[in-house]
>>> print(open('final26.pdb').read())   # PDB, C-alpha atoms
ATOM      1  CA  MET Q 236     100.612 150.133  98.486
ATOM      2  CA  THR Q 237     101.236 146.991 100.539
ATOM      3  CA  VAL Q 238      99.073 145.056 102.964
ATOM      4  CA  LYS Q 239     101.002 142.827 105.377
ATOM      5  CA  GLY Q 240     103.900 142.444 102.966
ATOM      6  CA  ILE Q 241     101.929 141.872  99.764
ATOM      7  CA  THR Q 242     101.870 144.230  96.799
ATOM      8  CA  VAL Q 243      99.248 145.065  94.162
ATOM      9  CA  GLU Q 244     101.493 143.456  91.554
ATOM     10  CA  ARG Q 245     101.735 140.241  93.538
ATOM     11  CA  VAL Q 246      97.949 140.033  93.994
ATOM     12  CA  LEU Q 247      97.513 140.509  90.249
ATOM     13  CA  GLU Q 248     100.056 137.717  89.657
ATOM     14  CA  ILE Q 249      98.141 135.434  92.009
ATOM     15  CA  ILE Q 250      94.847 136.097  90.209
ATOM     16  CA  GLU Q 251      96.552 135.600  86.841
ATOM     17  CA  ALA Q 252      98.011 132.233  87.878
ATOM     18  CA  TYR Q 253      95.437 130.769  90.243
ATOM     19  CA  GLY Q 254      92.172 132.396  89.202
ATOM     20  CA  ALA Q 255      89.566 134.448  91.012
ATOM     21  CA  TYR Q 256      88.744 132.168  93.926
ATOM     22  CA  PRO Q 257      90.836 132.529  97.080
ATOM     23  CA  ASN Q 258      90.617 128.828  97.951
ATOM     24  CA  GLY Q 259      92.950 128.151  95.005
ATOM     25  CA  TRP Q 260      95.498 130.763  96.050
ATOM     26  CA  PRO Q 261      98.772 130.028  97.870
ATOM     27  CA  GLU Q 262      97.816 129.472 101.486
ATOM     28  CA  GLU Q 263     100.526 131.691 102.980
ATOM     29  CA  GLU Q 264      99.439 134.705 100.899
ATOM     30  CA  ARG Q 265      95.684 134.185 100.843
ATOM     31  CA  LEU Q 266      94.690 136.408 103.785
ATOM     32  CA  SER Q 267      96.957 139.257 102.765
ATOM     33  CA  ALA Q 268      95.727 139.107  99.180
ATOM     34  CA  GLU Q 269      92.095 139.119 100.280
ATOM     35  CA  ALA Q 270      92.746 142.082 102.570
ATOM     36  CA  MET Q 271      94.412 143.935  99.729
ATOM     37  CA  ILE Q 272      91.468 143.264  97.406
ATOM     38  CA  ASP Q 273      88.980 144.374 100.063
ATOM     39  CA  ALA Q 274      90.933 147.588 100.516
ATOM     40  CA  GLN Q 275      91.220 148.374  96.786
ATOM     41  CA  GLN Q 276      88.314 146.704  95.042
ATOM     42  CA  ASP Q 277      88.468 148.918  91.928
ATOM     43  CA  THR Q 278      92.108 148.020  91.297
ATOM     44  CA  PHE Q 279      91.311 144.306  91.000
ATOM     45  CA  ALA Q 280      87.764 144.306  89.624
ATOM     46  CA  ALA Q 281      88.713 143.768  85.967
ATOM     47  CA  ALA Q 282      91.326 141.080  86.686
ATOM     48  CA  LEU Q 283      88.915 139.232  88.953
ATOM     49  CA  ALA Q 284      86.070 139.388  86.413
ATOM     50  CA  ASP Q 285      88.326 137.974  83.659
ATOM     51  CA  ALA Q 286      89.611 135.228  85.910
ATOM     52  CA  ARG Q 287      86.118 134.369  87.154
ATOM     53  CA  GLU Q 288      84.868 133.776  83.601
ATOM     54  CA  LEU Q 289      87.738 131.430  82.790
ATOM     55  CA  ASP Q 290      87.223 129.619  86.107
ATOM     56  CA  ARG Q 291      83.588 129.062  85.160
ATOM     57  CA  ILE Q 292      84.480 127.528  81.805
ATOM     58  CA  LEU Q 293      87.239 125.399  83.348
ATOM     59  CA  ALA Q 294      84.791 124.079  85.936
ATOM     60  CA  GLU Q 295      82.478 122.927  83.152
ATOM     61  CA  GLY Q 296      85.332 120.997  81.557
ATOM     62  CA  ALA Q 297      86.386 119.305  84.761
ATOM     63  CA  ILE Q 298      83.651 116.673  84.687
ATOM     64  CA  VAL Q 299      85.021 113.533  83.065
ATOM     65  CA  GLU Q 300      84.668 110.169  84.738
ATOM     66  CA  PRO Q 301      86.257 106.789  84.016
ATOM     67  CA  SER Q 302      84.316 103.667  82.986
ATOM     68  CA  ALA Q 303      82.256 102.117  85.737
ATOM     69  CA  ASP Q 304      84.374  98.943  85.746
ATOM     70  CA  LEU Q 305      87.798 100.605  85.944
ATOM     71  CA  ALA Q 306      87.923 100.377  89.740
ATOM     72  CA  ALA Q 307      87.048  96.669  89.577
ATOM     73  CA  ARG Q 308      89.786  96.054  86.992
ATOM     74  CA  ILE Q 309      92.334  97.842  89.162
ATOM     75  CA  LEU Q 310      91.258  95.942  92.278
ATOM     76  CA  ALA Q 311      91.526  92.623  90.417
ATOM     77  CA  SER Q 312      95.283  93.207  90.211
ATOM     78  CA  ALA Q 313      95.633  94.199  93.876
ATOM     79  CA  PRO Q 314      97.770  92.008  96.143
ATOM     80  CA  GLU Q 315      96.051  89.086  97.905
ATOM     81  CA  ALA Q 316      96.315  88.596 101.651
ATOM     82  CA  PRO Q 317      99.131  86.105 102.404
ATOM     83  CA  ARG Q 318      97.860  82.486 102.691
ATOM     84  CA  LEU Q 319      98.062  81.297 106.301
ATOM     85  CA  GLY Q 320      99.547  77.926 107.350
ATOM     86  CA  MET Q 321      97.642  75.549 109.675
ATOM     87  CA  ILE Q 322      99.230  76.933 112.872
ATOM     88  CA  ALA Q 323      98.586  80.522 111.857
ATOM     89  CA  ARG Q 324      94.951  79.708 111.010
ATOM     90  CA  LEU Q 325      94.521  77.950 114.384
ATOM     91  CA  LYS Q 326      96.044  80.969 116.100
ATOM     92  CA  ASP Q 327      93.562  83.194 114.256
ATOM     93  CA  ILE Q 328      90.655  81.056 115.476
ATOM     94  CA  LEU Q 329      91.877  80.866 119.097
ATOM     95  CA  PHE Q 330      93.073  84.430 119.345
ATOM     96  CA  PRO Q 331      91.074  86.517 116.865
ATOM     97  CA  GLN Q 332      92.319  89.698 118.524
ATOM     98  CA  GLY Q 333      95.929  88.634 118.107
ATOM     99  CA  THR Q 334      98.292  87.085 120.638
ATOM    100  CA  ARG Q 335      99.048  90.309 122.413
ATOM    101  CA  TRP Q 336      96.391  89.817 125.118
ATOM    102  CA  PRO Q 337      97.312  86.183 126.004
ATOM    103  CA  ALA Q 338     100.963  87.218 126.208
ATOM    104  CA  GLY Q 339     100.014  90.112 128.497
ATOM    105  CA  ALA Q 340      97.969  87.779 130.701
ATOM    106  CA  THR Q 341     100.928  85.365 130.967
ATOM    107  CA  LEU Q 342     103.223  88.192 132.023
ATOM    108  CA  ALA Q 343     100.673  89.414 134.565
ATOM    109  CA  SER Q 344     100.357  85.864 136.025
ATOM    110  CA  LEU Q 345     104.129  85.570 136.241
ATOM    111  CA  ALA Q 346     104.391  88.916 138.020
ATOM    112  CA  MET Q 347     101.640  87.973 140.496
ATOM    113  CA  GLY Q 348     103.341  84.615 141.179
ATOM    114  CA  LEU Q 349     106.657  86.303 141.888
ATOM    115  CA  ILE Q 350     105.086  88.877 144.204
ATOM    116  CA  GLY Q 351     103.066  86.176 146.030
ATOM    117  CA  GLY Q 352     106.120  83.951 146.360
ATOM    118  CA  TYR Q 353     108.212  86.775 147.737
ATOM    119  CA  ALA Q 354     105.515  87.706 150.260
ATOM    120  CA  TYR Q 355     105.199  84.087 151.457
ATOM    121  CA  ALA Q 356     108.953  83.635 151.736
ATOM    122  CA  SER Q 357     109.311  86.788 153.819
ATOM    123  CA  THR Q 358     106.812  85.491 156.465
ATOM    124  CA  GLY Q 359     109.058  82.369 157.097
ATOM    125  CA  ILE Q 360     111.262  84.463 159.396
ATOM    126  CA  VAL Q 361     108.278  85.061 161.691
ATOM    127  CA  TYR Q 362     107.727  81.295 162.075
ATOM    128  CA  ASP Q 363     111.391  80.775 162.986
ATOM    129  CA  GLU Q 364     111.185  83.490 165.620
ATOM    130  CA  ALA Q 365     108.041  81.875 167.039
ATOM    131  CA  GLY Q 366     109.822  78.510 167.261
ATOM    132  CA  GLU Q 367     112.764  80.036 169.034
ATOM    133  CA  ALA Q 368     110.413  81.786 171.470
ATOM    134  CA  TYR Q 369     108.697  78.460 172.194
ATOM    135  CA  TYR Q 370     111.955  76.688 172.927
ATOM    136  CA  SER Q 371     113.275  79.392 175.154
ATOM    137  CA  ALA Q 372     109.953  79.567 177.088
ATOM    138  CA  PHE Q 373     109.842  75.829 177.887
ATOM    139  CA  SER Q 374     113.617  75.319 178.029
ATOM    140  CA  TYR Q 375     113.374  71.902 176.485
ATOM    141  CA  ASP Q 376     113.156  70.236 173.195
ATOM    142  CA  ALA Q 377     110.081  67.974 173.366
ATOM    143  CA  GLU Q 378     110.990  66.127 170.202
ATOM    144  CA  THR Q 379     114.535  65.277 171.432
ATOM    145  CA  ALA Q 380     113.128  63.990 174.742
ATOM    146  CA  TRP Q 381     110.581  61.836 172.988
ATOM    147  CA  VAL Q 382     113.218  60.340 170.712
ATOM    148  CA  SER Q 383     115.549  59.576 173.624
ATOM    149  CA  GLU Q 384     112.709  57.969 175.673
ATOM    150  CA  ASP Q 385     111.889  55.792 172.725
ATOM    151  CA  ALA Q 386     115.503  54.719 172.403
ATOM    152  CA  GLU Q 387     115.535  53.627 176.040
TER
ATOM    153  CA  MET H 235      87.477 103.588 106.763
ATOM    154  CA  ALA H 236      86.982 107.040 108.287
ATOM    155  CA  GLY H 237      89.526 107.951 110.927
ATOM    156  CA  ILE H 238      92.224 105.672 109.507
ATOM    157  CA  SER H 239      95.406 107.449 108.487
ATOM    158  CA  GLU H 240      96.635 107.127 104.920
ATOM    159  CA  LEU H 241      99.695 105.220 106.131
ATOM    160  CA  ASP H 242      97.460 102.724 107.976
ATOM    161  CA  GLN H 243      95.340 102.330 104.889
ATOM    162  CA  ILE H 244      98.408 101.730 102.725
ATOM    163  CA  THR H 245      99.809  99.160 105.174
ATOM    164  CA  ARG H 246      96.500  97.298 105.207
ATOM    165  CA  ALA H 247      96.189  97.482 101.431
ATOM    166  CA  ALA H 248      99.706  96.084 101.061
ATOM    167  CA  ASN H 249      98.698  93.159 103.285
ATOM    168  CA  GLY H 250      95.758  92.309 101.054
ATOM    169  CA  ASP H 251      92.984  94.043 103.017
ATOM    170  CA  LYS H 252      90.276  94.416 100.362
ATOM    171  CA  ALA H 253      88.456  97.255 102.146
ATOM    172  CA  ALA H 254      91.656  99.314 102.379
ATOM    173  CA  GLN H 255      92.493  98.624  98.734
ATOM    174  CA  THR H 256      89.001  99.678  97.653
ATOM    175  CA  ALA H 257      89.180 102.864  99.703
ATOM    176  CA  LEU H 258      92.591 103.712  98.256
ATOM    177  CA  VAL H 259      91.332 103.179  94.705
ATOM    178  CA  ASN H 260      88.052 105.049  95.221
ATOM    179  CA  ARG H 261      89.828 108.004  96.757
ATOM    180  CA  ASN H 262      92.676 108.331  94.254
ATOM    181  CA  MET H 263      91.636 106.721  90.981
ATOM    182  CA  PRO H 264      89.395 109.555  89.701
ATOM    183  CA  ILE H 265      92.092 112.242  89.928
ATOM    184  CA  VAL H 266      94.664 109.936  88.315
ATOM    185  CA  PHE H 267      92.265 109.089  85.487
ATOM    186  CA  ARG H 268      91.197 112.696  84.869
ATOM    187  CA  THR H 269      94.801 113.911  84.871
ATOM    188  CA  ALA H 270      95.791 111.209  82.384
ATOM    189  CA  TYR H 271      92.736 111.902  80.230
ATOM    190  CA  ARG H 272      93.516 115.599  80.001
ATOM    191  CA  MET H 273      97.113 114.839  79.101
ATOM    192  CA  ILE H 274      96.406 112.131  76.517
ATOM    193  CA  GLY H 275      92.914 113.008  75.307
ATOM    194  CA  ASP H 276      91.814 109.416  74.920
ATOM    195  CA  ARG H 277      89.605 107.651  77.435
ATOM    196  CA  ALA H 278      90.867 104.113  76.802
ATOM    197  CA  GLU H 279      94.482 105.165  76.971
ATOM    198  CA  ALA H 280      93.846 107.219  80.102
ATOM    199  CA  GLU H 281      92.299 104.116  81.698
ATOM    200  CA  ASP H 282      95.375 102.067  80.691
ATOM    201  CA  ILE H 283      97.599 104.640  82.351
ATOM    202  CA  THR H 284      95.427 104.638  85.470
ATOM    203  CA  GLN H 285      95.631 100.837  85.668
ATOM    204  CA  GLU H 286      99.393 100.909  85.130
ATOM    205  CA  THR H 287      99.745 103.537  87.878
ATOM    206  CA  PHE H 288      97.911 101.315  90.354
ATOM    207  CA  LEU H 289      99.853  98.220  89.261
ATOM    208  CA  ARG H 290     102.992 100.113  90.201
ATOM    209  CA  ALA H 291     101.338 101.205  93.432
ATOM    210  CA  TRP H 292     100.509  97.620  94.430
ATOM    211  CA  LYS H 293     104.147  96.638  93.885
ATOM    212  CA  MET H 294     105.459  99.599  95.807
ATOM    213  CA  LEU H 295     103.046  99.602  98.773
ATOM    214  CA  PRO H 296     104.970  97.078 100.953
ATOM    215  CA  THR H 297     107.958  99.455 101.010
ATOM    216  CA  TRP H 298     105.928 102.690 101.043
ATOM    217  CA  GLN H 299     107.711 105.627 102.681
ATOM    218  CA  PRO H 300     105.280 108.351 103.753
ATOM    219  CA  LYS H 301     107.337 111.146 102.199
ATOM    220  CA  ALA H 302     104.424 112.341 100.046
ATOM    221  CA  LYS H 303     100.673 111.899  99.912
ATOM    222  CA  PHE H 304      99.592 108.854  97.941
ATOM    223  CA  SER H 305      97.693 111.095  95.487
ATOM    224  CA  THR H 306     100.841 113.135  94.820
ATOM    225  CA  TRP H 307     102.844 109.971  94.171
ATOM    226  CA  ALA H 308     100.122 108.484  91.958
ATOM    227  CA  CYS H 309      99.724 111.648  89.882
ATOM    228  CA  THR H 310     103.495 111.880  89.452
ATOM    229  CA  VAL H 311     103.599 108.292  88.159
ATOM    230  CA  ALA H 312     100.615 108.919  85.877
ATOM    231  CA  LEU H 313     102.178 112.107  84.488
ATOM    232  CA  ASN H 314     105.438 110.278  83.787
ATOM    233  CA  LEU H 315     103.534 107.544  81.952
ATOM    234  CA  CYS H 316     101.676 110.219  79.968
ATOM    235  CA  ARG H 317     104.942 111.963  79.077
ATOM    236  CA  ASP H 318     106.400 108.661  77.849
ATOM    237  CA  ARG H 319     103.384 108.010  75.634
ATOM    238  CA  LEU H 320     103.278 111.575  74.316
ATOM    239  CA  ARG H 321     106.997 111.446  73.527
ATOM    240  CA  LYS H 322     106.414 108.310  71.467
ATOM    241  CA  LYS H 323     103.609 110.040  69.577
ATOM    242  CA  LYS H 324     105.558 113.191  68.745
ATOM    243  CA  PRO H 325     106.053 113.622  64.998
ATOM    244  CA  VAL H 326     109.467 112.417  63.795
ATOM    245  CA  LEU H 327     111.782 114.296  61.415
ATOM    246  CA  MET H 328     111.555 113.476  57.704
ATOM    247  CA  ASP H 329     114.844 111.587  57.599
ATOM    248  CA  GLU H 330     113.701 109.514  60.536
ATOM    249  CA  LEU H 331     110.372 108.540  59.001
ATOM    250  CA  PRO H 332     109.679 104.840  59.125
ATOM    251  CA  GLU H 333     108.723 103.056  55.911
ATOM    252  CA  ARG H 334     105.184 102.526  57.115
ATOM    253  CA  VAL H 335     103.502 105.731  58.172
ATOM    254  CA  ASP H 336     101.476 105.576  61.364
ATOM    255  CA  ASN H 337      98.004 106.710  60.421
ATOM    256  CA  ALA H 338      96.837 107.078  63.990
ATOM    257  CA  LEU H 339      95.711 110.559  64.888
ATOM    258  CA  ARG H 340      97.799 112.591  67.277
ATOM    259  CA  PRO H 341      96.005 112.910  70.625
ATOM    260  CA  GLU H 342      94.878 116.481  70.051
ATOM    261  CA  GLU H 343      93.586 115.567  66.580
ATOM    262  CA  ALA H 344      91.797 112.488  67.871
ATOM    263  CA  LEU H 345      90.238 114.490  70.627
ATOM    264  CA  ALA H 346      89.280 117.402  68.385
ATOM    265  CA  SER H 347      87.569 114.984  66.013
ATOM    266  CA  SER H 348      85.334 113.659  68.735
ATOM    267  CA  GLN H 349      81.834 115.094  68.680
ATOM    268  CA  ALA H 350      81.556 114.625  72.424
ATOM    269  CA  LEU H 351      84.454 116.914  73.063
ATOM    270  CA  SER H 352      83.690 120.212  74.738
ATOM    271  CA  GLY H 353      85.476 123.367  73.642
ATOM    272  CA  ILE H 354      87.436 123.707  76.837
ATOM    273  CA  GLU H 355      88.781 120.147  76.686
ATOM    274  CA  ALA H 356      90.007 120.702  73.122
ATOM    275  CA  GLU H 357      91.686 123.967  74.087
ATOM    276  CA  ILE H 358      93.331 122.399  77.131
ATOM    277  CA  LEU H 359      94.693 119.618  74.929
ATOM    278  CA  LYS H 360      96.282 122.188  72.625
ATOM    279  CA  LEU H 361      98.332 123.648  75.465
ATOM    280  CA  PRO H 362     102.003 122.679  75.762
ATOM    281  CA  ASP H 363     102.404 119.572  77.945
ATOM    282  CA  ARG H 364     103.725 121.291  81.076
ATOM    283  CA  GLN H 365     101.074 124.022  80.971
ATOM    284  CA  ARG H 366      98.449 121.334  80.544
ATOM    285  CA  GLU H 367      99.765 119.471  83.571
ATOM    286  CA  ALA H 368      99.748 122.646  85.666
ATOM    287  CA  ILE H 369      96.229 123.738  84.726
ATOM    288  CA  SER H 370      94.888 120.213  85.172
ATOM    289  CA  LEU H 371      96.306 119.749  88.662
ATOM    290  CA  CYS H 372      95.641 123.245  90.043
ATOM    291  CA  ALA H 373      92.633 124.678  88.240
ATOM    292  CA  LEU H 374      90.746 121.459  87.545
ATOM    293  CA  GLU H 375      91.703 119.153  90.402
ATOM    294  CA  GLY H 376      92.082 121.860  93.026
ATOM    295  CA  MET H 377      95.539 120.711  94.086
ATOM    296  CA  GLY H 378      97.473 123.203  96.215
ATOM    297  CA  ASN H 379     100.452 124.960  94.630
ATOM    298  CA  ILE H 380     103.061 123.164  96.732
ATOM    299  CA  GLU H 381     101.638 119.694  96.060
ATOM    300  CA  ALA H 382     101.196 120.418  92.352
ATOM    301  CA  ALA H 383     104.770 121.688  92.059
ATOM    302  CA  GLU H 384     105.980 118.550  93.854
ATOM    303  CA  THR H 385     103.908 116.327  91.556
ATOM    304  CA  MET H 386     105.348 118.028  88.471
ATOM    305  CA  ASP H 387     108.837 118.218  89.966
ATOM    306  CA  VAL H 388     109.129 121.964  89.380
ATOM    307  CA  SER H 389     109.481 124.956  91.693
ATOM    308  CA  VAL H 390     106.359 126.794  92.882
ATOM    309  CA  HIS H 391     107.594 129.819  90.924
ATOM    310  CA  ALA H 392     107.827 127.763  87.717
ATOM    311  CA  LEU H 393     104.376 126.322  88.384
ATOM    312  CA  GLU H 394     102.922 129.821  88.684
ATOM    313  CA  SER H 395     104.505 130.862  85.440
ATOM    314  CA  LEU H 396     103.086 127.779  83.657
ATOM    315  CA  LEU H 397      99.649 128.459  85.124
ATOM    316  CA  ALA H 398      99.644 132.107  84.120
ATOM    317  CA  ARG H 399     100.684 131.288  80.556
ATOM    318  CA  ALA H 400      98.104 128.528  80.280
ATOM    319  CA  ARG H 401      95.329 130.774  81.530
ATOM    320  CA  ARG H 402      96.323 133.581  79.152
ATOM    321  CA  THR H 403      96.236 131.170  76.186
ATOM    322  CA  LEU H 404      92.917 129.694  77.239
ATOM    323  CA  ARG H 405      91.368 133.106  77.798
ATOM    324  CA  THR H 406      92.326 134.164  74.287
ATOM    325  CA  ALA H 407      91.166 130.895  72.717
ATOM    326  CA  LEU H 408      87.906 130.828  74.608
ATOM    327  CA  LYS H 409      86.946 134.453  74.081
ATOM    328  CA  PRO H 410      83.677 133.572  72.282
ATOM    329  CA  ALA H 411      82.626 131.281  75.137
ATOM    330  CA  ILE H 412      83.590 133.921  77.660
ATOM    331  CA  ARG H 413      81.557 136.561  75.805
ATOM    332  CA  ALA H 414      78.593 134.176  75.708
ATOM    333  CA  GLY H 415      78.914 133.774  79.462
ATOM    334  CA  ASP H 416      78.924 137.551  79.863
ATOM    335  CA  GLN H 417      75.714 137.872  77.865
ATOM    336  CA  SER H 418      73.822 135.123  79.725
TER
END
>>> encode(input="final26.pdb", output="structure tokens")
Amino acid sequence: MTVKGITVERVLEIIEAYGAYPNGWPEEERLSAEAMIDAQQDTFAAALADARELDRILAEGAIVEPSADLAARILASAPEAPRLGMIARLKDILFPQGTRWPAGATLASLAMGLIGGYAYASTGIVYDEAGEAYYSAFSYDAETAWVSEDAE
Amino acid sequence: MAGISELDQITRAANGDKAAQTALVNRNMPIVFRTAYRMIGDRAEAEDITQETFLRAWKMLPTWQPKAKFSTWACTVALNLCRDRLRKKKPVLMDELPERVDNALRPEEALASSQALSGIEAEILKLPDRQREAISLCALEGMGNIEAAETMDVSVHALESLLARARRTLRTALKPAIRAGDQS
């Protein structure tokens, strides 16, 4: 009999290799194997009981810990942080979050300056038009007249 | 360090970040040590192998490629170191015997002579090397079949075969303990 592509023989192989507990079984076959066992409990009872006993004994043997100072010995050989030069240390003090934010602020200022400058430059045309309107309304150039009177 | 990816942690550790280095050691050192201990059967030697594994890790971290989990890489290195040491301890043929005989016990003998040794540890140490690796990674460390096969550099099918043979041997050897468990 098969359940979703798995056979009795394959479930027995899984129990034989990985033990009685489904969390140790191959992930892609786990659900099918569990379904198969649920459907035919008698078929797998003996294999599961055998495997469960060995799992219990193996679990008892799994507890072995290293000396308390092993981690410290390993960490003593770990790489040190690179030593910073004077400029780098100064940069760390001035910009503890890194230089990304100051660089962003500089770019933002530059962009605002360019936009402002462009806006100001574009209003110059309006002033020229106003000047022309003034001259054509009064039909004379006051500054030229003043200069010529002065010359006389 | 919760919420930091393993790659982040490795990058920080490589740059000398003590917290990242400590986290990396705390997370991975126990499995490396236990795997080495089960392979070699000697605590001091297993600690040497664990230290050597991390020495290699520190050197390799700056160029780390996230192709495998750090634990997989570390266990692979530890297993290779164990294999080297076990190979050196294998008995030599008579015509290759050195003039001075090494009186040191073989790992399984040393371990079996220890009073502190539990029955299961002694039986695991008697298994052939590859079966011992398989049972240690899967049954004792709870490593998934794909990761364990990758660590041992074998196919998943070969891993299953090693596991099944190891479990059959252990079941036979530990029958008295199993019966005792049945009675309790």
>>> resolve_selection(input="final26.pdb", expression="the ChimeraX specification (/H :<9) & /Q", output="VMD selection string")
chain Q and resid 248 to 254 258 to 262 285 to 286 288 to 302 305 to 310 312 to 317
>>> write_last_selection(input="final26.pdb", atoms="C-alpha atoms", output="PDB file, keeping the file's coordinate frame")
ATOM      1  CA  GLU Q 248     100.056 137.717  89.657  1.00  0.00           C
ATOM      2  CA  ILE Q 249      98.141 135.434  92.009  1.00  0.00           C
ATOM      3  CA  ILE Q 250      94.847 136.097  90.209  1.00  0.00           C
ATOM      4  CA  GLU Q 251      96.552 135.600  86.841  1.00  0.00           C
ATOM      5  CA  ALA Q 252      98.011 132.233  87.878  1.00  0.00           C
ATOM      6  CA  TYR Q 253      95.437 130.769  90.243  1.00  0.00           C
ATOM      7  CA  GLY Q 254      92.172 132.396  89.202  1.00  0.00           C
ATOM      8  CA  ASN Q 258      90.617 128.828  97.951  1.00  0.00           C
ATOM      9  CA  GLY Q 259      92.950 128.151  95.005  1.00  0.00           C
ATOM     10  CA  TRP Q 260      95.498 130.763  96.050  1.00  0.00           C
ATOM     11  CA  PRO Q 261      98.772 130.028  97.870  1.00  0.00           C
ATOM     12  CA  GLU Q 262      97.816 129.472 101.486  1.00  0.00           C
ATOM     13  CA  ASP Q 285      88.326 137.974  83.659  1.00  0.00           C
ATOM     14  CA  ALA Q 286      89.611 135.228  85.910  1.00  0.00           C
ATOM     15  CA  GLU Q 288      84.868 133.776  83.601  1.00  0.00           C
ATOM     16  CA  LEU Q 289      87.738 131.430  82.790  1.00  0.00           C
ATOM     17  CA  ASP Q 290      87.223 129.619  86.107  1.00  0.00           C
ATOM     18  CA  ARG Q 291      83.588 129.062  85.160  1.00  0.00           C
ATOM     19  CA  ILE Q 292      84.480 127.528  81.805  1.00  0.00           C
ATOM     20  CA  LEU Q 293      87.239 125.399  83.348  1.00  0.00           C
ATOM     21  CA  ALA Q 294      84.791 124.079  85.936  1.00  0.00           C
ATOM     22  CA  GLU Q 295      82.478 122.927  83.152  1.00  0.00           C
ATOM     23  CA  GLY Q 296      85.332 120.997  81.557  1.00  0.00           C
ATOM     24  CA  ALA Q 297      86.386 119.305  84.761  1.00  0.00           C
ATOM     25  CA  ILE Q 298      83.651 116.673  84.687  1.00  0.00           C
ATOM     26  CA  VAL Q 299      85.021 113.533  83.065  1.00  0.00           C
ATOM     27  CA  GLU Q 300      84.668 110.169  84.738  1.00  0.00           C
ATOM     28  CA  PRO Q 301      86.257 106.789  84.016  1.00  0.00           C
ATOM     29  CA  SER Q 302      84.316 103.667  82.986  1.00  0.00           C
ATOM     30  CA  LEU Q 305      87.798 100.605  85.944  1.00  0.00           C
ATOM     31  CA  ALA Q 306      87.923 100.377  89.740  1.00  0.00           C
ATOM     32  CA  ALA Q 307      87.048  96.669  89.577  1.00  0.00           C
ATOM     33  CA  ARG Q 308      89.786  96.054  86.992  1.00  0.00           C
ATOM     34  CA  ILE Q 309      92.334  97.842  89.162  1.00  0.00           C
ATOM     35  CA  LEU Q 310      91.258  95.942  92.278  1.00  0.00           C
ATOM     36  CA  SER Q 312      95.283  93.207  90.211  1.00  0.00           C
ATOM     37  CA  ALA Q 313      95.633  94.199  93.876  1.00  0.00           C
ATOM     38  CA  PRO Q 314      97.770  92.008  96.143  1.00  0.00           C
ATOM     39  CA  GLU Q 315      96.051  89.086  97.905  1.00  0.00           C
ATOM     40  CA  ALA Q 316      96.315  88.596 101.651  1.00  0.00           C
ATOM     41  CA  PRO Q 317      99.131  86.105 102.404  1.00  0.00           C
TER      42      PRO Q 317
END
>>> closest_residue(input="final26.pdb", among="Q:Val246, Q:Gly351, Q:Leu283, Q:Asp277", to="Arg265 (chain Q)", atoms="all atoms listed in the file")
Q:Val246
>>> atom_distance(input="final26.pdb", atom1="CA of Phe304 (chain H)", atom2="CA of Ile244 (chain H)")
8.7 Å
>>> atom_distance(input="final26.pdb", atom1="CA of Ala281 (chain Q)", atom2="CA of Pro257 (chain Q)")
15.9 Å
>>> atom_distance(input="final26.pdb", atom1="CA of Ala340 (chain Q)", atom2="CA of Ala356 (chain Q)")
24.1 Å
>>> closest_residue(input="final26.pdb", among="H:Met273, H:Leu241, H:Ala383, H:Leu320", to="Lys301 (chain H)", atoms="only C-alpha atoms")
H:Leu241
>>> resolve_selection(input="final26.pdb", expression="the PyMOL selection byres ((chain H and resi 306) around 10)", output="PyMOL selection string")
chain H and resi 262+266+302-305+307-312+377+381-386
>>> build_atoms(input="final26.pdb", residues="region 240-249 of chain H", atoms="N, CA and C atoms", output="mmCIF file, keeping the file's coordinate frame")
data_model
loop_
_atom_site.group_PDB
_atom_site.id
_atom_site.type_symbol
_atom_site.label_atom_id
_atom_site.label_comp_id
_atom_site.auth_asym_id
_atom_site.auth_seq_id
_atom_site.Cartn_x
_atom_site.Cartn_y
_atom_site.Cartn_z
ATOM 1 N N GLU H 240 96.288 107.635 106.248
ATOM 2 C CA GLU H 240 96.635 107.127 104.920
ATOM 3 C C GLU H 240 97.696 106.032 105.034
ATOM 4 N N LEU H 241 98.634 106.214 105.967
ATOM 5 C CA LEU H 241 99.695 105.220 106.131
ATOM 6 C C LEU H 241 99.113 103.876 106.580
ATOM 7 N N ASP H 242 98.149 103.935 107.510
ATOM 8 C CA ASP H 242 97.460 102.724 107.976
ATOM 9 C C ASP H 242 96.778 102.021 106.810
ATOM 10 N N GLN H 243 96.097 102.856 106.024
ATOM 11 C CA GLN H 243 95.340 102.330 104.889
ATOM 12 C C GLN H 243 96.289 101.654 103.884
ATOM 13 N N ILE H 244 97.427 102.279 103.662
ATOM 14 C CA ILE H 244 98.408 101.730 102.725
ATOM 15 C C ILE H 244 98.973 100.419 103.259
ATOM 16 N N THR H 245 99.271 100.387 104.567
ATOM 17 C CA THR H 245 99.809 99.160 105.174
ATOM 18 C C THR H 245 98.806 98.026 105.037
ATOM 19 N N ARG H 246 97.542 98.331 105.321
ATOM 20 C CA ARG H 246 96.500 97.298 105.207
ATOM 21 C C ARG H 246 96.331 96.846 103.762
ATOM 22 N N ALA H 247 96.343 97.819 102.851
ATOM 23 C CA ALA H 247 96.189 97.482 101.431
ATOM 24 C C ALA H 247 97.335 96.577 100.977
ATOM 25 N N ALA H 248 98.545 96.889 101.442
ATOM 26 C CA ALA H 248 99.706 96.084 101.061
ATOM 27 C C ALA H 248 99.575 94.654 101.579
ATOM 28 N N ASN H 249 98.870 94.497 102.708
ATOM 29 C CA ASN H 249 98.698 93.159 103.285
ATOM 30 C C ASN H 249 97.463 92.440 102.743
#
